[in-house]
Amino acid sequence: MADAHAAEHSHPTAAVYIRVAAILFMLTVLEVGVFYVPTFHPILVPALLILSAIKFSIVVMFYMHLKMDNRFFTLIFGGPLLLAFGMMMALMFLFRVFVLK
Amino acid sequence: MSHAAAADVHAEGGGHRTSMGLDSRKMAFWAFIGSECLLFATLISTYLIYKGKSLEGPFPPQILNIPFTSFSTFDLLMSSLWMVLALAAVQRNDMKWAKIWLMGTAIGGLIFLGGQVWEFSHFVEHGLTLQKNMFGTTFFVLTGTHGAHVAVGVLWLLTLWVRAMQGKLTSKNAMTVEITGLYWHFVDVIWIIIFTVVYLIQ
C-alpha cells in the first residue's frame, strides 16, 4: 500500500515539464511543416498520424503522470482507449472509409 | 478501526484509498477519462465517415485556417505546461506561484475559446453552418463538444484559483489540483488528435 501511495506522488520536476513542453512545441512545428512542405505530401497522412501519436503519448506519460503512476491507472485508461480505437477501426471498415483489397 | 488503519484508508484532502492503496477519486477520474475516450472516438469516427461526402461547399480546404489553428494548438500546449507547473507549486506549498500558474492556465483556455468563437463566427459568415453540409454538421459537433469541455475546464480552474485566493487550497489538496490537471491534459490530447485529423489531414 505504501508503494502504491509513493508511486502516486513521484512526479517529475519543473525542469522535466519544461523540456517536455519544448519537445511538444517542436513536434507541433514539425507537424505544420510536414503539412506545408510539398516533398512530404506522399507520406503526409502516416507522418502526421505518427507525430500526433507521439505527442499524445508524451502528454499522457509525463503531464498525466502515467509513466510514474501506479500501473492500474494505465489499465483503467488504456482499456477504454484500445476499445475506442477498435471501435473507430470497425466503423471505418463498416462505412467503407477503409476498403480491404 | 485504529488510527493507523484510518490513516491508510483516508487519502490526503479528505479522499479515500481503495484496497490497492490508490486514491479513489483519482481512480474514478481515470475511469471517467476512459469513458470520454469513447465519446470522442464516436465523434471523430462520424467526422471521418462523412468526410468528403458534402454535396455543396464550403469545403475544408476553402475555409480552414491552419496558421490560426496552429496558434490555438500552441496555446493549449502551453496551458498544459502551466497546469503541471501549478500542480508542482501546490505540491511544494508555494501558493503564490500556484495561483499564478492556475490563472495562466485558465487564461490559456480562455484564449483558446476566444479563438474558437472567432473561427466559428468566421465560418458562419462564409456560409458554413451546422445544417449547410456534412462537413459543417460533423465539424461543429466535434469541435463544439471539445470547446464545451475546454469551457468546463476553465470554470474548474477559476474555481480552484478562487479557493487558492481564499487560502482554502494548500498542499493538502494537491490531489484536487492533480485531478483538475488530468481533465485539462485530456482536453489537450483530444485537441492533438482533432488538430491532426480535422485540420492537417484534409
# chains A, B, ... in the order shown; residues from 1 in each chain; ligands from 1

$ interface_residues --of "chain B" --to "chain A" --cutoff "9 Å" --atoms "only C-alpha atoms" --output "number ranges by chain"
B: 8, 19-23, 26-27, 30-42, 44-46, 48-51, 66-67, 70, 73-74, 77-78, 80-81, 83-85, 88, 178, 181-182, 185-186, 188-190, 192-193, 195-197, 200-201

$ write_last_selection --atoms "C-alpha atoms" --output "PDB file, in the first residue's frame"
ATOM      1  CA  ASP B   8      -4.243   4.234   5.454  1.00  0.00           C
ATOM      2  CA  SER B  19      -7.871  -1.663  -1.098  1.00  0.00           C
ATOM      3  CA  MET B  20      -4.964  -1.218  -3.570  1.00  0.00           C
ATOM      4  CA  GLY B  21      -3.824   1.904  -1.701  1.00  0.00           C
ATOM      5  CA  LEU B  22      -4.767   4.221  -4.571  1.00  0.00           C
ATOM      6  CA  ASP B  23      -6.751   7.418  -4.214  1.00  0.00           C
ATOM      7  CA  LYS B  26      -8.110   9.610  -8.967  1.00  0.00           C
ATOM      8  CA  MET B  27      -9.150   6.082  -9.888  1.00  0.00           C
ATOM      9  CA  TRP B  30      -9.272   7.859 -14.814  1.00  0.00           C
ATOM     10  CA  ALA B  31     -12.374   5.695 -15.420  1.00  0.00           C
ATOM     11  CA  PHE B  32     -14.268   8.865 -16.430  1.00  0.00           C
ATOM     12  CA  ILE B  33     -11.453   9.828 -18.819  1.00  0.00           C
ATOM     13  CA  GLY B  34     -11.655   6.304 -20.291  1.00  0.00           C
ATOM     14  CA  SER B  35     -15.368   6.837 -20.974  1.00  0.00           C
ATOM     15  CA  GLU B  36     -14.593  10.224 -22.545  1.00  0.00           C
ATOM     16  CA  CYS B  37     -12.210   8.466 -24.966  1.00  0.00           C
ATOM     17  CA  LEU B  38     -15.201   6.504 -26.260  1.00  0.00           C
ATOM     18  CA  LEU B  39     -17.307   9.666 -26.592  1.00  0.00           C
ATOM     19  CA  PHE B  40     -14.665  11.453 -28.669  1.00  0.00           C
ATOM     20  CA  ALA B  41     -13.928   8.284 -30.678  1.00  0.00           C
ATOM     21  CA  THR B  42     -17.569   8.240 -31.840  1.00  0.00           C
ATOM     22  CA  ILE B  44     -14.095  11.583 -34.653  1.00  0.00           C
ATOM     23  CA  SER B  45     -15.387   8.433 -36.407  1.00  0.00           C
ATOM     24  CA  THR B  46     -18.524  10.306 -37.522  1.00  0.00           C
ATOM     25  CA  LEU B  48     -14.175  10.664 -40.822  1.00  0.00           C
ATOM     26  CA  ILE B  49     -17.137   8.667 -42.146  1.00  0.00           C
ATOM     27  CA  TYR B  50     -18.796  11.780 -43.617  1.00  0.00           C
ATOM     28  CA  LYS B  51     -15.529  13.365 -44.763  1.00  0.00           C
ATOM     29  CA  ILE B  66      -4.043  26.390 -40.438  1.00  0.00           C
ATOM     30  CA  PRO B  67      -1.780  29.211 -39.129  1.00  0.00           C
ATOM     31  CA  SER B  70      -1.625  26.167 -35.101  1.00  0.00           C
ATOM     32  CA  THR B  73      -2.780  24.379 -30.587  1.00  0.00           C
ATOM     33  CA  PHE B  74       0.387  26.039 -29.279  1.00  0.00           C
ATOM     34  CA  LEU B  77       0.015  23.000 -25.233  1.00  0.00           C
ATOM     35  CA  MET B  78       1.449  25.896 -23.217  1.00  0.00           C
ATOM     36  CA  SER B  80      -0.851  22.187 -20.238  1.00  0.00           C
ATOM     37  CA  LEU B  81       2.672  23.176 -19.184  1.00  0.00           C
ATOM     38  CA  MET B  83      -1.120  23.304 -15.385  1.00  0.00           C
ATOM     39  CA  VAL B  84       1.697  20.915 -14.396  1.00  0.00           C
ATOM     40  CA  LEU B  85       3.705  23.861 -13.040  1.00  0.00           C
ATOM     41  CA  ALA B  88       4.200  21.238  -8.798  1.00  0.00           C
ATOM     42  CA  GLU B 178      -3.881  16.822  -9.896  1.00  0.00           C
ATOM     43  CA  GLY B 181      -4.827  18.639 -14.333  1.00  0.00           C
ATOM     44  CA  LEU B 182      -5.847  15.180 -15.577  1.00  0.00           C
ATOM     45  CA  HIS B 185      -4.435  17.396 -20.183  1.00  0.00           C
ATOM     46  CA  PHE B 186      -7.113  15.073 -21.523  1.00  0.00           C
ATOM     47  CA  ASP B 188      -5.278  18.824 -24.662  1.00  0.00           C
ATOM     48  CA  VAL B 189      -4.659  15.294 -26.008  1.00  0.00           C
ATOM     49  CA  ILE B 190      -8.078  15.261 -27.655  1.00  0.00           C
ATOM     50  CA  ILE B 192      -3.868  16.969 -30.561  1.00  0.00           C
ATOM     51  CA  ILE B 193      -5.967  14.350 -32.408  1.00  0.00           C
ATOM     52  CA  PHE B 195      -5.850  19.186 -34.998  1.00  0.00           C
ATOM     53  CA  THR B 196      -4.295  16.339 -36.990  1.00  0.00           C
ATOM     54  CA  VAL B 197      -7.433  14.599 -38.216  1.00  0.00           C
ATOM     55  CA  LEU B 200      -3.965  18.881 -41.165  1.00  0.00           C
ATOM     56  CA  ILE B 201      -5.321  15.785 -42.950  1.00  0.00           C
TER      57      ILE B 201
END

$ select_by_dssp --residues "chain A" --states "helix (DSSP H, G or I)" --output "JSON, numbers by chain"
{"A": [2, 3, 4, 5, 6, 7, 8, 9, 14, 15, 16, 17, 18, 19, 20, 21, 22, 23, 24, 25, 26, 27, 28, 29, 30, 31, 32, 33, 34, 35, 36, 38, 39, 40, 41, 42, 43, 44, 45, 46, 47, 48, 49, 50, 51, 52, 53, 54, 55, 56, 57, 58, 59, 60, 61, 62, 63, 71, 72, 73, 74, 75, 76, 77, 78, 79, 80, 81, 82, 83, 84, 85, 86, 87, 88, 89, 90, 91, 92, 93, 94]}

$ closest_residue --among "B:Lys172, B:Lys132, B:His146, B:Arg25" --to "Met95 in chain B" --atoms "only C-alpha atoms"
B:Lys172

$ decode --residues "range 58-124 of chain B" --atoms "C-alpha atoms" --output "PDB file, in the first residue's frame"
ATOM      1  CA  PRO B  58     -17.766  25.424 -48.258  1.00  0.00           C
ATOM      2  CA  PHE B  59     -15.306  22.531 -48.195  1.00  0.00           C
ATOM      3  CA  PRO B  60     -12.472  22.141 -45.607  1.00  0.00           C
ATOM      4  CA  PRO B  61      -9.526  23.413 -47.768  1.00  0.00           C
ATOM      5  CA  GLN B  62     -11.515  26.564 -48.645  1.00  0.00           C
ATOM      6  CA  ILE B  63     -12.253  27.522 -45.085  1.00  0.00           C
ATOM      7  CA  LEU B  64      -9.815  26.029 -42.535  1.00  0.00           C
ATOM      8  CA  ASN B  65      -7.142  28.439 -41.335  1.00  0.00           C
ATOM      9  CA  ILE B  66      -4.043  26.390 -40.438  1.00  0.00           C
ATOM     10  CA  PRO B  67      -1.780  29.211 -39.129  1.00  0.00           C
ATOM     11  CA  PHE B  68      -4.537  30.404 -36.793  1.00  0.00           C
ATOM     12  CA  THR B  69      -5.353  26.890 -35.526  1.00  0.00           C
ATOM     13  CA  SER B  70      -1.625  26.167 -35.101  1.00  0.00           C
ATOM     14  CA  PHE B  71      -1.501  29.136 -32.735  1.00  0.00           C
ATOM     15  CA  SER B  72      -4.537  27.767 -30.803  1.00  0.00           C
ATOM     16  CA  THR B  73      -2.780  24.379 -30.587  1.00  0.00           C
ATOM     17  CA  PHE B  74       0.387  26.039 -29.279  1.00  0.00           C
ATOM     18  CA  ASP B  75      -1.701  27.976 -26.727  1.00  0.00           C
ATOM     19  CA  LEU B  76      -3.371  24.795 -25.448  1.00  0.00           C
ATOM     20  CA  LEU B  77       0.015  23.000 -25.233  1.00  0.00           C
ATOM     21  CA  MET B  78       1.449  25.896 -23.217  1.00  0.00           C
ATOM     22  CA  SER B  79      -1.592  25.869 -20.914  1.00  0.00           C
ATOM     23  CA  SER B  80      -0.851  22.187 -20.238  1.00  0.00           C
ATOM     24  CA  LEU B  81       2.672  23.176 -19.184  1.00  0.00           C
ATOM     25  CA  TRP B  82       1.286  25.872 -16.870  1.00  0.00           C
ATOM     26  CA  MET B  83      -1.120  23.304 -15.385  1.00  0.00           C
ATOM     27  CA  VAL B  84       1.697  20.915 -14.396  1.00  0.00           C
ATOM     28  CA  LEU B  85       3.705  23.861 -13.040  1.00  0.00           C
ATOM     29  CA  ALA B  86       0.639  24.811 -10.937  1.00  0.00           C
ATOM     30  CA  LEU B  87       0.468  21.251  -9.602  1.00  0.00           C
ATOM     31  CA  ALA B  88       4.200  21.238  -8.798  1.00  0.00           C
ATOM     32  CA  ALA B  89       3.790  24.584  -6.965  1.00  0.00           C
ATOM     33  CA  VAL B  90       0.812  23.294  -4.919  1.00  0.00           C
ATOM     34  CA  GLN B  91       2.732  20.119  -4.033  1.00  0.00           C
ATOM     35  CA  ARG B  92       5.613  22.179  -2.588  1.00  0.00           C
ATOM     36  CA  ASN B  93       3.014  24.526  -0.955  1.00  0.00           C
ATOM     37  CA  ASP B  94       4.233  27.522  -2.975  1.00  0.00           C
ATOM     38  CA  MET B  95       0.797  29.098  -3.205  1.00  0.00           C
ATOM     39  CA  LYS B  96       1.999  32.342  -4.795  1.00  0.00           C
ATOM     40  CA  TRP B  97       3.182  30.533  -7.941  1.00  0.00           C
ATOM     41  CA  ALA B  98       0.285  28.069  -7.763  1.00  0.00           C
ATOM     42  CA  LYS B  99      -2.149  30.997  -8.122  1.00  0.00           C
ATOM     43  CA  ILE B 100      -0.126  32.489 -10.999  1.00  0.00           C
ATOM     44  CA  TRP B 101       0.053  29.202 -12.926  1.00  0.00           C
ATOM     45  CA  LEU B 102      -3.609  28.341 -12.274  1.00  0.00           C
ATOM     46  CA  MET B 103      -4.700  31.746 -13.602  1.00  0.00           C
ATOM     47  CA  GLY B 104      -2.265  31.372 -16.535  1.00  0.00           C
ATOM     48  CA  THR B 105      -3.811  28.008 -17.420  1.00  0.00           C
ATOM     49  CA  ALA B 106      -7.340  29.462 -17.238  1.00  0.00           C
ATOM     50  CA  ILE B 107      -6.298  32.406 -19.436  1.00  0.00           C
ATOM     51  CA  GLY B 108      -4.732  29.937 -21.900  1.00  0.00           C
ATOM     52  CA  GLY B 109      -8.095  28.135 -22.027  1.00  0.00           C
ATOM     53  CA  LEU B 110      -9.962  31.419 -22.479  1.00  0.00           C
ATOM     54  CA  ILE B 111      -7.675  32.416 -25.380  1.00  0.00           C
ATOM     55  CA  PHE B 112      -8.367  29.024 -26.997  1.00  0.00           C
ATOM     56  CA  LEU B 113     -12.122  29.502 -26.517  1.00  0.00           C
ATOM     57  CA  GLY B 114     -11.933  33.051 -27.889  1.00  0.00           C
ATOM     58  CA  GLY B 115     -10.144  31.668 -30.954  1.00  0.00           C
ATOM     59  CA  GLN B 116     -12.830  29.036 -31.394  1.00  0.00           C
ATOM     60  CA  VAL B 117     -15.623  31.622 -31.135  1.00  0.00           C
ATOM     61  CA  TRP B 118     -13.829  33.746 -33.777  1.00  0.00           C
ATOM     62  CA  GLU B 119     -13.313  30.691 -36.006  1.00  0.00           C
ATOM     63  CA  PHE B 120     -16.973  29.604 -35.720  1.00  0.00           C
ATOM     64  CA  SER B 121     -18.282  33.120 -36.491  1.00  0.00           C
ATOM     65  CA  HIS B 122     -15.868  33.390 -39.442  1.00  0.00           C
ATOM     66  CA  PHE B 123     -17.162  30.057 -40.800  1.00  0.00           C
ATOM     67  CA  VAL B 124     -20.809  31.123 -40.392  1.00  0.00           C
TER      68      VAL B 124
END
